[in-house]
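Trainee: You'll find work30.cif just under this line, and it carries mmCIF, N, CA and C atoms.
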```
data_protein
#
loop_
_atom_site.label_atom_id
_atom_site.label_comp_id
_atom_site.auth_asym_id
_atom_site.auth_seq_id
_atom_site.Cartn_x
_atom_site.Cartn_y
_atom_site.Cartn_z
N MET X 1 10.08 4.89 8.64
CA MET X 1 8.83 5.25 8.00
C MET X 1 8.06 3.96 7.70
N ILE X 2 6.75 4.03 7.84
CA ILE X 2 5.87 2.91 7.55
C ILE X 2 5.19 3.16 6.21
N GLY X 3 5.23 2.16 5.34
CA GLY X 3 4.52 2.21 4.07
C GLY X 3 3.24 1.39 4.18
N VAL X 4 2.23 1.75 3.41
CA VAL X 4 0.95 1.05 3.46
C VAL X 4 0.62 0.51 2.07
N ASP X 5 0.36 -0.79 2.02
CA ASP X 5 0.04 -1.48 0.78
C ASP X 5 -1.45 -1.36 0.46
N THR X 6 -1.78 -1.66 -0.77
CA THR X 6 -3.14 -1.55 -1.28
C THR X 6 -4.17 -2.28 -0.43
N ASN X 7 -3.88 -3.52 -0.05
CA ASN X 7 -4.91 -4.30 0.65
C ASN X 7 -5.32 -3.66 1.97
N ILE X 8 -4.40 -3.05 2.67
CA ILE X 8 -4.73 -2.38 3.93
C ILE X 8 -5.62 -1.17 3.65
N LEU X 9 -5.32 -0.44 2.57
CA LEU X 9 -6.15 0.71 2.19
C LEU X 9 -7.56 0.27 1.81
N VAL X 10 -7.66 -0.82 1.06
CA VAL X 10 -8.98 -1.33 0.66
C VAL X 10 -9.77 -1.74 1.90
N TYR X 11 -9.15 -2.49 2.80
CA TYR X 11 -9.84 -2.92 4.03
C TYR X 11 -10.27 -1.72 4.87
N ALA X 12 -9.43 -0.69 4.93
CA ALA X 12 -9.76 0.49 5.72
C ALA X 12 -10.95 1.24 5.12
N HIS X 13 -11.08 1.18 3.82
CA HIS X 13 -12.15 1.90 3.12
C HIS X 13 -13.46 1.12 3.06
N ARG X 14 -13.40 -0.15 2.75
CA ARG X 14 -14.61 -0.93 2.51
C ARG X 14 -15.19 -1.45 3.82
N GLU X 15 -16.32 -0.91 4.20
CA GLU X 15 -16.98 -1.30 5.45
C GLU X 15 -17.46 -2.74 5.43
N ASP X 16 -17.59 -3.34 4.25
CA ASP X 16 -18.00 -4.74 4.16
C ASP X 16 -16.83 -5.71 4.28
N SER X 17 -15.65 -5.20 4.45
CA SER X 17 -14.49 -6.07 4.65
C SER X 17 -14.49 -6.61 6.08
N PRO X 18 -14.18 -7.90 6.26
CA PRO X 18 -14.10 -8.43 7.62
C PRO X 18 -12.95 -7.80 8.42
N PHE X 19 -12.03 -7.13 7.73
CA PHE X 19 -10.88 -6.51 8.38
C PHE X 19 -11.04 -5.00 8.51
N HIS X 20 -12.23 -4.49 8.18
CA HIS X 20 -12.44 -3.04 8.12
C HIS X 20 -12.09 -2.32 9.42
N SER X 21 -12.63 -2.77 10.53
CA SER X 21 -12.43 -2.04 11.79
C SER X 21 -10.96 -1.92 12.15
N ALA X 22 -10.25 -3.02 12.07
CA ALA X 22 -8.83 -3.01 12.43
C ALA X 22 -8.03 -2.15 11.44
N ALA X 23 -8.29 -2.32 10.14
CA ALA X 23 -7.56 -1.55 9.14
C ALA X 23 -7.87 -0.06 9.24
N PHE X 24 -9.14 0.28 9.42
CA PHE X 24 -9.54 1.67 9.55
C PHE X 24 -8.83 2.32 10.73
N ARG X 25 -8.82 1.63 11.86
CA ARG X 25 -8.17 2.15 13.06
C ARG X 25 -6.67 2.37 12.84
N ARG X 26 -6.00 1.40 12.23
CA ARG X 26 -4.55 1.51 12.03
C ARG X 26 -4.19 2.62 11.05
N VAL X 27 -4.93 2.72 9.95
CA VAL X 27 -4.65 3.79 8.97
C VAL X 27 -4.98 5.15 9.58
N ALA X 28 -6.05 5.24 10.34
CA ALA X 28 -6.39 6.51 11.01
C ALA X 28 -5.29 6.92 11.98
N GLU X 29 -4.71 5.96 12.69
CA GLU X 29 -3.60 6.27 13.60
C GLU X 29 -2.45 6.91 12.84
N LEU X 30 -2.14 6.37 11.67
CA LEU X 30 -1.07 6.94 10.86
C LEU X 30 -1.46 8.32 10.35
N ALA X 31 -2.65 8.42 9.78
CA ALA X 31 -3.08 9.68 9.15
C ALA X 31 -3.21 10.82 10.16
N GLU X 32 -3.60 10.50 11.37
CA GLU X 32 -3.80 11.53 12.39
C GLU X 32 -2.57 11.74 13.27
N GLY X 33 -1.57 10.90 13.09
CA GLY X 33 -0.36 10.99 13.91
C GLY X 33 0.67 11.95 13.34
N ARG X 34 1.77 12.04 14.05
CA ARG X 34 2.84 12.95 13.64
C ARG X 34 3.98 12.22 12.94
N THR X 35 4.00 10.90 13.04
CA THR X 35 5.06 10.12 12.42
C THR X 35 4.83 10.06 10.91
N ILE X 36 5.91 10.27 10.16
CA ILE X 36 5.83 10.22 8.70
C ILE X 36 5.47 8.80 8.27
N TRP X 37 4.50 8.69 7.36
CA TRP X 37 4.11 7.42 6.79
C TRP X 37 4.02 7.59 5.29
N ALA X 38 3.86 6.49 4.56
CA ALA X 38 3.93 6.58 3.10
C ALA X 38 2.94 5.65 2.43
N ILE X 39 2.49 6.08 1.26
CA ILE X 39 1.73 5.24 0.35
C ILE X 39 2.39 5.36 -1.02
N PRO X 40 2.81 4.24 -1.61
CA PRO X 40 3.33 4.30 -2.98
C PRO X 40 2.21 4.67 -3.96
N TRP X 41 2.52 5.51 -4.96
CA TRP X 41 1.52 5.89 -5.96
C TRP X 41 0.84 4.67 -6.59
N PRO X 42 1.59 3.61 -6.92
CA PRO X 42 0.91 2.45 -7.52
C PRO X 42 -0.16 1.85 -6.61
N CYS X 43 0.00 1.97 -5.31
CA CYS X 43 -1.00 1.43 -4.38
C CYS X 43 -2.27 2.28 -4.40
N LEU X 44 -2.13 3.58 -4.57
CA LEU X 44 -3.31 4.44 -4.70
C LEU X 44 -4.06 4.12 -6.00
N HIS X 45 -3.31 3.92 -7.08
CA HIS X 45 -3.93 3.56 -8.36
C HIS X 45 -4.66 2.22 -8.24
N GLU X 46 -3.99 1.25 -7.63
CA GLU X 46 -4.59 -0.08 -7.48
C GLU X 46 -5.81 -0.03 -6.56
N PHE X 47 -5.74 0.78 -5.50
CA PHE X 47 -6.88 0.97 -4.61
C PHE X 47 -8.11 1.41 -5.42
N LEU X 48 -7.93 2.42 -6.26
CA LEU X 48 -9.04 2.93 -7.07
C LEU X 48 -9.57 1.85 -8.02
N ALA X 49 -8.68 1.08 -8.61
CA ALA X 49 -9.09 0.03 -9.54
C ALA X 49 -9.89 -1.07 -8.83
N ILE X 50 -9.50 -1.40 -7.62
CA ILE X 50 -10.16 -2.49 -6.89
C ILE X 50 -11.52 -2.06 -6.34
N VAL X 51 -11.56 -0.96 -5.61
CA VAL X 51 -12.81 -0.61 -4.92
C VAL X 51 -13.92 -0.18 -5.87
N THR X 52 -13.56 0.26 -7.08
CA THR X 52 -14.58 0.67 -8.04
C THR X 52 -14.95 -0.43 -9.03
N HIS X 53 -14.34 -1.60 -8.89
CA HIS X 53 -14.55 -2.70 -9.84
C HIS X 53 -15.83 -3.47 -9.52
N PRO X 54 -16.80 -3.49 -10.46
CA PRO X 54 -18.08 -4.14 -10.18
C PRO X 54 -18.01 -5.66 -10.08
N ARG X 55 -16.92 -6.28 -10.54
CA ARG X 55 -16.80 -7.73 -10.39
C ARG X 55 -16.09 -8.11 -9.09
N ILE X 56 -15.55 -7.14 -8.42
CA ILE X 56 -14.90 -7.40 -7.13
C ILE X 56 -15.86 -7.07 -5.99
N TYR X 57 -16.55 -5.94 -6.10
CA TYR X 57 -17.48 -5.52 -5.05
C TYR X 57 -18.86 -5.25 -5.63
N THR X 58 -19.86 -5.74 -4.93
CA THR X 58 -21.25 -5.48 -5.29
C THR X 58 -21.95 -4.87 -4.09
N PRO X 59 -22.23 -3.62 -4.09
CA PRO X 59 -21.93 -2.67 -5.16
C PRO X 59 -20.49 -2.17 -5.02
N PRO X 60 -19.90 -1.73 -6.13
CA PRO X 60 -18.57 -1.13 -6.04
C PRO X 60 -18.66 0.25 -5.40
N THR X 61 -17.56 0.73 -4.94
CA THR X 61 -17.51 2.10 -4.42
C THR X 61 -17.67 3.05 -5.61
N PRO X 62 -18.58 4.02 -5.52
CA PRO X 62 -18.68 5.01 -6.61
C PRO X 62 -17.36 5.76 -6.74
N LEU X 63 -16.98 6.08 -7.97
CA LEU X 63 -15.71 6.74 -8.21
C LEU X 63 -15.56 8.01 -7.37
N THR X 64 -16.60 8.81 -7.26
CA THR X 64 -16.48 10.06 -6.50
C THR X 64 -16.14 9.79 -5.04
N ARG X 65 -16.72 8.73 -4.48
CA ARG X 65 -16.42 8.38 -3.08
C ARG X 65 -15.00 7.83 -2.95
N ALA X 66 -14.56 7.03 -3.91
CA ALA X 66 -13.19 6.49 -3.88
C ALA X 66 -12.16 7.61 -4.00
N LEU X 67 -12.43 8.56 -4.90
CA LEU X 67 -11.53 9.71 -5.05
C LEU X 67 -11.50 10.54 -3.78
N ALA X 68 -12.64 10.72 -3.15
CA ALA X 68 -12.69 11.47 -1.89
C ALA X 68 -11.88 10.77 -0.81
N GLN X 69 -11.89 9.44 -0.81
CA GLN X 69 -11.09 8.71 0.17
C GLN X 69 -9.60 8.96 -0.04
N VAL X 70 -9.17 8.88 -1.30
CA VAL X 70 -7.76 9.14 -1.60
C VAL X 70 -7.41 10.57 -1.20
N GLU X 71 -8.26 11.52 -1.51
CA GLU X 71 -7.99 12.91 -1.15
C GLU X 71 -7.92 13.10 0.36
N ALA X 72 -8.71 12.36 1.11
CA ALA X 72 -8.65 12.44 2.57
C ALA X 72 -7.29 11.95 3.07
N TRP X 73 -6.80 10.85 2.51
CA TRP X 73 -5.47 10.37 2.90
C TRP X 73 -4.40 11.38 2.51
N LEU X 74 -4.52 11.95 1.31
CA LEU X 74 -3.52 12.92 0.84
C LEU X 74 -3.48 14.17 1.70
N GLU X 75 -4.57 14.47 2.41
CA GLU X 75 -4.60 15.64 3.29
C GLU X 75 -3.83 15.42 4.59
N SER X 76 -3.46 14.19 4.88
CA SER X 76 -2.70 13.92 6.11
C SER X 76 -1.35 14.62 6.01
N PRO X 77 -1.05 15.53 6.96
CA PRO X 77 0.22 16.26 6.88
C PRO X 77 1.45 15.38 7.08
N SER X 78 1.25 14.18 7.61
CA SER X 78 2.39 13.30 7.83
C SER X 78 2.59 12.28 6.71
N LEU X 79 1.76 12.34 5.66
CA LEU X 79 1.85 11.38 4.55
C LEU X 79 2.86 11.82 3.51
N THR X 80 3.65 10.86 3.05
CA THR X 80 4.51 11.02 1.89
C THR X 80 4.03 10.04 0.83
N VAL X 81 3.86 10.51 -0.39
CA VAL X 81 3.47 9.63 -1.49
C VAL X 81 4.75 9.29 -2.26
N LEU X 82 4.96 8.00 -2.47
CA LEU X 82 6.22 7.53 -3.05
C LEU X 82 6.14 7.39 -4.57
N ALA X 83 7.10 8.02 -5.24
CA ALA X 83 7.21 7.94 -6.69
C ALA X 83 8.63 7.51 -7.06
N GLU X 84 8.78 7.06 -8.28
CA GLU X 84 10.09 6.61 -8.74
C GLU X 84 11.09 7.76 -8.77
N SER X 85 12.30 7.46 -8.34
CA SER X 85 13.41 8.42 -8.41
C SER X 85 14.44 7.88 -9.41
N ALA X 86 15.55 8.57 -9.53
CA ALA X 86 16.61 8.13 -10.44
C ALA X 86 17.16 6.76 -10.03
N ALA X 87 17.05 6.41 -8.76
CA ALA X 87 17.58 5.13 -8.27
C ALA X 87 16.63 3.96 -8.50
N HIS X 88 15.43 4.24 -8.96
CA HIS X 88 14.39 3.21 -9.02
C HIS X 88 14.78 1.99 -9.87
N TRP X 89 15.27 2.22 -11.07
CA TRP X 89 15.53 1.09 -11.97
C TRP X 89 16.50 0.09 -11.36
N THR X 90 17.55 0.56 -10.74
CA THR X 90 18.55 -0.35 -10.17
C THR X 90 17.95 -1.22 -9.07
N ILE X 91 17.20 -0.61 -8.19
CA ILE X 91 16.57 -1.36 -7.09
C ILE X 91 15.49 -2.29 -7.63
N PHE X 92 14.64 -1.77 -8.50
CA PHE X 92 13.55 -2.56 -9.09
C PHE X 92 14.11 -3.77 -9.83
N ARG X 93 15.12 -3.55 -10.65
CA ARG X 93 15.73 -4.65 -11.42
C ARG X 93 16.29 -5.72 -10.50
N SER X 94 16.98 -5.31 -9.44
CA SER X 94 17.56 -6.30 -8.53
C SER X 94 16.45 -7.09 -7.81
N PHE X 95 15.35 -6.45 -7.47
CA PHE X 95 14.23 -7.17 -6.85
C PHE X 95 13.62 -8.17 -7.83
N LEU X 96 13.54 -7.80 -9.10
CA LEU X 96 13.00 -8.71 -10.10
C LEU X 96 13.88 -9.94 -10.25
N VAL X 97 15.19 -9.72 -10.37
CA VAL X 97 16.13 -10.81 -10.58
C VAL X 97 16.29 -11.65 -9.31
N ASP X 98 16.60 -11.01 -8.19
CA ASP X 98 16.85 -11.74 -6.95
C ASP X 98 15.61 -12.45 -6.43
N GLY X 99 14.44 -11.87 -6.66
CA GLY X 99 13.20 -12.47 -6.19
C GLY X 99 12.59 -13.44 -7.19
N ARG X 100 13.25 -13.60 -8.35
CA ARG X 100 12.73 -14.46 -9.43
C ARG X 100 11.27 -14.14 -9.72
N VAL X 101 11.05 -12.87 -10.00
CA VAL X 101 9.71 -12.33 -10.16
C VAL X 101 9.25 -12.43 -11.61
N ALA X 102 7.96 -12.73 -11.77
CA ALA X 102 7.34 -12.73 -13.10
C ALA X 102 5.85 -12.43 -12.92
N GLY X 103 5.21 -12.04 -14.00
CA GLY X 103 3.77 -11.84 -13.99
C GLY X 103 3.30 -10.79 -13.00
N PRO X 104 2.22 -11.11 -12.27
CA PRO X 104 1.61 -10.13 -11.37
C PRO X 104 2.54 -9.69 -10.22
N GLN X 105 3.56 -10.47 -9.96
CA GLN X 105 4.48 -10.11 -8.87
C GLN X 105 5.35 -8.91 -9.24
N VAL X 106 5.37 -8.53 -10.52
CA VAL X 106 6.11 -7.34 -10.94
C VAL X 106 5.58 -6.10 -10.22
N HIS X 107 4.27 -6.04 -10.05
CA HIS X 107 3.67 -4.91 -9.31
C HIS X 107 4.22 -4.87 -7.88
N ASP X 108 4.29 -6.02 -7.23
CA ASP X 108 4.81 -6.07 -5.86
C ASP X 108 6.28 -5.62 -5.82
N ALA X 109 7.05 -6.03 -6.82
CA ALA X 109 8.46 -5.62 -6.88
C ALA X 109 8.57 -4.11 -7.04
N ARG X 110 7.67 -3.52 -7.81
CA ARG X 110 7.67 -2.07 -7.98
C ARG X 110 7.38 -1.37 -6.66
N VAL X 111 6.37 -1.85 -5.94
CA VAL X 111 6.02 -1.27 -4.64
C VAL X 111 7.19 -1.43 -3.66
N ALA X 112 7.78 -2.61 -3.64
CA ALA X 112 8.91 -2.87 -2.73
C ALA X 112 10.10 -1.97 -3.07
N ALA X 113 10.38 -1.79 -4.36
CA ALA X 113 11.48 -0.92 -4.78
C ALA X 113 11.22 0.54 -4.38
N LEU X 114 9.98 0.99 -4.54
CA LEU X 114 9.64 2.36 -4.11
C LEU X 114 9.87 2.51 -2.61
N CYS X 115 9.47 1.53 -1.86
CA CYS X 115 9.67 1.59 -0.41
C CYS X 115 11.15 1.64 -0.07
N ARG X 116 11.93 0.78 -0.70
CA ARG X 116 13.37 0.74 -0.42
C ARG X 116 14.03 2.06 -0.78
N GLU X 117 13.72 2.60 -1.96
CA GLU X 117 14.42 3.81 -2.39
C GLU X 117 14.06 5.03 -1.54
N HIS X 118 12.93 4.98 -0.84
CA HIS X 118 12.51 6.12 -0.01
C HIS X 118 12.71 5.87 1.48
N GLY X 119 13.38 4.79 1.83
CA GLY X 119 13.71 4.55 3.23
C GLY X 119 12.58 4.02 4.09
N VAL X 120 11.58 3.40 3.47
CA VAL X 120 10.51 2.78 4.26
C VAL X 120 11.13 1.59 5.00
N ARG X 121 10.97 1.57 6.30
CA ARG X 121 11.55 0.48 7.10
C ARG X 121 10.59 -0.68 7.28
N GLU X 122 9.29 -0.39 7.11
CA GLU X 122 8.27 -1.40 7.37
C GLU X 122 7.10 -1.17 6.42
N LEU X 123 6.69 -2.23 5.72
CA LEU X 123 5.54 -2.15 4.84
C LEU X 123 4.39 -2.90 5.48
N TRP X 124 3.28 -2.19 5.67
CA TRP X 124 2.08 -2.83 6.20
C TRP X 124 1.33 -3.48 5.06
N SER X 125 1.17 -4.78 5.12
CA SER X 125 0.48 -5.52 4.07
C SER X 125 -0.03 -6.84 4.61
N ALA X 126 -1.12 -7.31 4.04
CA ALA X 126 -1.61 -8.66 4.34
C ALA X 126 -1.14 -9.63 3.26
N ASP X 127 -0.30 -9.17 2.35
CA ASP X 127 0.21 -9.95 1.24
C ASP X 127 1.56 -10.55 1.60
N ARG X 128 1.65 -11.85 1.62
CA ARG X 128 2.91 -12.52 1.99
C ARG X 128 3.95 -12.50 0.89
N ASP X 129 3.55 -12.15 -0.33
CA ASP X 129 4.50 -12.16 -1.46
C ASP X 129 5.64 -11.17 -1.28
N PHE X 130 5.47 -10.17 -0.45
CA PHE X 130 6.53 -9.18 -0.25
C PHE X 130 7.73 -9.74 0.49
N SER X 131 7.59 -10.88 1.13
CA SER X 131 8.70 -11.47 1.88
C SER X 131 9.86 -11.85 0.97
N ARG X 132 9.65 -11.93 -0.33
CA ARG X 132 10.71 -12.30 -1.26
C ARG X 132 11.71 -11.16 -1.49
N PHE X 133 11.40 -9.95 -1.01
CA PHE X 133 12.24 -8.79 -1.27
C PHE X 133 13.10 -8.47 -0.04
N ALA X 134 14.38 -8.76 -0.16
CA ALA X 134 15.32 -8.60 0.95
C ALA X 134 15.40 -7.14 1.39
N GLY X 135 15.51 -6.96 2.69
CA GLY X 135 15.70 -5.63 3.24
C GLY X 135 14.42 -4.86 3.49
N LEU X 136 13.27 -5.50 3.25
CA LEU X 136 11.99 -4.84 3.50
C LEU X 136 11.23 -5.66 4.53
N SER X 137 10.99 -5.06 5.68
CA SER X 137 10.24 -5.73 6.73
C SER X 137 8.76 -5.59 6.43
N VAL X 138 8.07 -6.72 6.33
CA VAL X 138 6.64 -6.70 6.03
C VAL X 138 5.87 -7.12 7.27
N VAL X 139 4.90 -6.29 7.66
CA VAL X 139 4.12 -6.52 8.87
C VAL X 139 2.65 -6.46 8.51
N ASN X 140 1.90 -7.45 8.99
CA ASN X 140 0.45 -7.40 8.83
C ASN X 140 -0.09 -6.70 10.09
N PRO X 141 -0.54 -5.46 9.96
CA PRO X 141 -0.98 -4.70 11.14
C PRO X 141 -2.34 -5.13 11.66
N LEU X 142 -2.96 -6.10 10.98
CA LEU X 142 -4.29 -6.54 11.36
C LEU X 142 -4.28 -7.74 12.29
N VAL X 143 -3.09 -8.29 12.53
CA VAL X 143 -2.97 -9.43 13.43
C VAL X 143 -2.07 -9.05 14.61
N ALA X 144 -2.35 -9.64 15.74
CA ALA X 144 -1.56 -9.35 16.94
C ALA X 144 -0.16 -9.95 16.76
N PRO X 145 0.87 -9.24 17.20
CA PRO X 145 2.25 -9.77 17.06
C PRO X 145 2.49 -10.99 17.92
#
```
As a first step, turn the structure in this file into structure tokens.
Mentor:
Amino acid sequence: MIGVDTNILVYAHREDSPFHSAAFRRVAELAEGRTIWAIPWPCLHEFLAIVTHPRIYTPPTPLTRALAQVEAWLESPSLTVLAESAAHWTIFRSFLVDGRVAGPQVHDARVAALCREHGVRELWSADRDFSRFAGLSVVNPLVAP
């Protein structure tokens, strides 16, 4: 299963992103395909916080449009949204300790733990910080292999 990180979702949504075309195409392939893919709940929350933030984007995405985007992704029959299970704390804690995580990287550890506990084999992200979490393959789908 492929997981999708916040930055890829933001790029796919924001037409003013220099990565929009590539991200839009890759996310559409997942959403319209038959292969199961995943978005962690924290990534959807962070997506909404980023695209509607007036200090990040001028103009920001109106909340109604951002919510409609999330709802469009949620309509994909092949999408699984990842939430914490009973195993979450053990995995999350080990990622925090083993990755020597502090501050804003705690969010990344949470996303990585959600992916691990749900069997995500590959996380699509443009964020290199995920490489600190063992057992999670991180791929930037916007660059040629």
Trainee: Which neighbours of Ser125 in chain X fall inside 8 Å, counting all atoms listed in the file, when residues of the same chain fewer than 2 positions from it are skipped, and could you give them as a PyMOL selection string?
Mentor: chain X and resi 3-9+122-123+127-128+137-142
Trainee: Tell me, in Å to one decimal, how far CA of His88 in chain X is from CA of Asp108 in chain X.
Mentor: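 Interatomic distance here is 13.7 Å.
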Trainee: From a DSSP calculation on the backbone, collect every residue of chain X in alpha helix (DSSP H) and output the set as a count of residues only.
Mentor: 68
Trainee: Given only N, CA and C atoms as the basis, pick out the residue of X:Ala12, X:Asp129, X:Ile39, X:Trp124 nearest to Phe24 in chain X.
Mentor: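 Going through X:Ala12, X:Asp129, X:Ile39, X:Trp124 one by one, the smallest distance to Phe24 in chain X is for X:Ala12.
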Trainee: Name all residues at most 8 Å from Tyr11 in chain X (count all atoms listed in the file; drop same-chain ones fewer than 2 positions away) and give them as a ChimeraX atom specification.
Mentor: /X:6-9,13-25
Trainee: I need the residue set behind the PyMOL selection byres (((chain X and resi 71-80 and name CA) around 10) and name CA) for this file; please write it as a PDB file with N, CA and C atoms, keeping the file's coordinate frame.
Mentor:
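Final output, result_10.pdb:
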```
ATOM      1  N   MET X   1      10.080   4.890   8.640  1.00  0.00           N
ATOM      2  CA  MET X   1       8.830   5.250   8.000  1.00  0.00           C
ATOM      3  C   MET X   1       8.060   3.960   7.700  1.00  0.00           C
ATOM      4  N   ILE X   2       6.750   4.030   7.840  1.00  0.00           N
ATOM      5  CA  ILE X   2       5.870   2.910   7.550  1.00  0.00           C
ATOM      6  C   ILE X   2       5.190   3.160   6.210  1.00  0.00           C
ATOM      7  N   GLY X   3       5.230   2.160   5.340  1.00  0.00           N
ATOM      8  CA  GLY X   3       4.520   2.210   4.070  1.00  0.00           C
ATOM      9  C   GLY X   3       3.240   1.390   4.180  1.00  0.00           C
ATOM     10  N   LEU X   9      -5.320  -0.440   2.570  1.00  0.00           N
ATOM     11  CA  LEU X   9      -6.150   0.710   2.190  1.00  0.00           C
ATOM     12  C   LEU X   9      -7.560   0.270   1.810  1.00  0.00           C
ATOM     13  N   VAL X  27      -4.930   2.720   9.950  1.00  0.00           N
ATOM     14  CA  VAL X  27      -4.650   3.790   8.970  1.00  0.00           C
ATOM     15  C   VAL X  27      -4.980   5.150   9.580  1.00  0.00           C
ATOM     16  N   ALA X  28      -6.050   5.240  10.340  1.00  0.00           N
ATOM     17  CA  ALA X  28      -6.390   6.510  11.010  1.00  0.00           C
ATOM     18  C   ALA X  28      -5.290   6.920  11.980  1.00  0.00           C
ATOM     19  N   LEU X  30      -2.140   6.370  11.670  1.00  0.00           N
ATOM     20  CA  LEU X  30      -1.070   6.940  10.860  1.00  0.00           C
ATOM     21  C   LEU X  30      -1.460   8.320  10.350  1.00  0.00           C
ATOM     22  N   ALA X  31      -2.650   8.420   9.780  1.00  0.00           N
ATOM     23  CA  ALA X  31      -3.080   9.680   9.150  1.00  0.00           C
ATOM     24  C   ALA X  31      -3.210  10.820  10.160  1.00  0.00           C
ATOM     25  N   GLU X  32      -3.600  10.500  11.370  1.00  0.00           N
ATOM     26  CA  GLU X  32      -3.800  11.530  12.390  1.00  0.00           C
ATOM     27  C   GLU X  32      -2.570  11.740  13.270  1.00  0.00           C
ATOM     28  N   GLY X  33      -1.570  10.900  13.090  1.00  0.00           N
ATOM     29  CA  GLY X  33      -0.360  10.990  13.910  1.00  0.00           C
ATOM     30  C   GLY X  33       0.670  11.950  13.340  1.00  0.00           C
ATOM     31  N   ARG X  34       1.770  12.040  14.050  1.00  0.00           N
ATOM     32  CA  ARG X  34       2.840  12.950  13.640  1.00  0.00           C
ATOM     33  C   ARG X  34       3.980  12.220  12.940  1.00  0.00           C
ATOM     34  N   THR X  35       4.000  10.900  13.040  1.00  0.00           N
ATOM     35  CA  THR X  35       5.060  10.120  12.420  1.00  0.00           C
ATOM     36  C   THR X  35       4.830  10.060  10.910  1.00  0.00           C
ATOM     37  N   ILE X  36       5.910  10.270  10.160  1.00  0.00           N
ATOM     38  CA  ILE X  36       5.830  10.220   8.700  1.00  0.00           C
ATOM     39  C   ILE X  36       5.470   8.800   8.270  1.00  0.00           C
ATOM     40  N   TRP X  37       4.500   8.690   7.360  1.00  0.00           N
ATOM     41  CA  TRP X  37       4.110   7.420   6.790  1.00  0.00           C
ATOM     42  C   TRP X  37       4.020   7.590   5.290  1.00  0.00           C
ATOM     43  N   ALA X  38       3.860   6.490   4.560  1.00  0.00           N
ATOM     44  CA  ALA X  38       3.930   6.580   3.100  1.00  0.00           C
ATOM     45  C   ALA X  38       2.940   5.650   2.430  1.00  0.00           C
ATOM     46  N   ILE X  39       2.490   6.080   1.260  1.00  0.00           N
ATOM     47  CA  ILE X  39       1.730   5.240   0.350  1.00  0.00           C
ATOM     48  C   ILE X  39       2.390   5.360  -1.020  1.00  0.00           C
ATOM     49  N   PRO X  40       2.810   4.240  -1.610  1.00  0.00           N
ATOM     50  CA  PRO X  40       3.330   4.300  -2.980  1.00  0.00           C
ATOM     51  C   PRO X  40       2.210   4.670  -3.960  1.00  0.00           C
ATOM     52  N   TRP X  41       2.520   5.510  -4.960  1.00  0.00           N
ATOM     53  CA  TRP X  41       1.520   5.890  -5.960  1.00  0.00           C
ATOM     54  C   TRP X  41       0.840   4.670  -6.590  1.00  0.00           C
ATOM     55  N   LEU X  44      -2.130   3.580  -4.570  1.00  0.00           N
ATOM     56  CA  LEU X  44      -3.310   4.440  -4.700  1.00  0.00           C
ATOM     57  C   LEU X  44      -4.060   4.120  -6.000  1.00  0.00           C
ATOM     58  N   ARG X  65     -16.720   8.730  -4.480  1.00  0.00           N
ATOM     59  CA  ARG X  65     -16.420   8.380  -3.080  1.00  0.00           C
ATOM     60  C   ARG X  65     -15.000   7.830  -2.950  1.00  0.00           C
ATOM     61  N   ALA X  66     -14.560   7.030  -3.910  1.00  0.00           N
ATOM     62  CA  ALA X  66     -13.190   6.490  -3.880  1.00  0.00           C
ATOM     63  C   ALA X  66     -12.160   7.610  -4.000  1.00  0.00           C
ATOM     64  N   LEU X  67     -12.430   8.560  -4.900  1.00  0.00           N
ATOM     65  CA  LEU X  67     -11.530   9.710  -5.050  1.00  0.00           C
ATOM     66  C   LEU X  67     -11.500  10.540  -3.780  1.00  0.00           C
ATOM     67  N   ALA X  68     -12.640  10.720  -3.150  1.00  0.00           N
ATOM     68  CA  ALA X  68     -12.690  11.470  -1.890  1.00  0.00           C
ATOM     69  C   ALA X  68     -11.880  10.770  -0.810  1.00  0.00           C
ATOM     70  N   GLN X  69     -11.890   9.440  -0.810  1.00  0.00           N
ATOM     71  CA  GLN X  69     -11.090   8.710   0.170  1.00  0.00           C
ATOM     72  C   GLN X  69      -9.600   8.960  -0.040  1.00  0.00           C
ATOM     73  N   VAL X  70      -9.170   8.880  -1.300  1.00  0.00           N
ATOM     74  CA  VAL X  70      -7.760   9.140  -1.600  1.00  0.00           C
ATOM     75  C   VAL X  70      -7.410  10.570  -1.200  1.00  0.00           C
ATOM     76  N   VAL X  81       3.860  10.510  -0.390  1.00  0.00           N
ATOM     77  CA  VAL X  81       3.470   9.630  -1.490  1.00  0.00           C
ATOM     78  C   VAL X  81       4.750   9.290  -2.260  1.00  0.00           C
ATOM     79  N   LEU X  82       4.960   8.000  -2.470  1.00  0.00           N
ATOM     80  CA  LEU X  82       6.220   7.530  -3.050  1.00  0.00           C
ATOM     81  C   LEU X  82       6.140   7.390  -4.570  1.00  0.00           C
ATOM     82  N   ALA X  83       7.100   8.020  -5.240  1.00  0.00           N
ATOM     83  CA  ALA X  83       7.210   7.940  -6.690  1.00  0.00           C
ATOM     84  C   ALA X  83       8.630   7.510  -7.060  1.00  0.00           C
ATOM     85  N   HIS X 118      12.930   4.980  -0.840  1.00  0.00           N
ATOM     86  CA  HIS X 118      12.510   6.120  -0.010  1.00  0.00           C
ATOM     87  C   HIS X 118      12.710   5.870   1.480  1.00  0.00           C
TER      88      HIS X 118
END
```
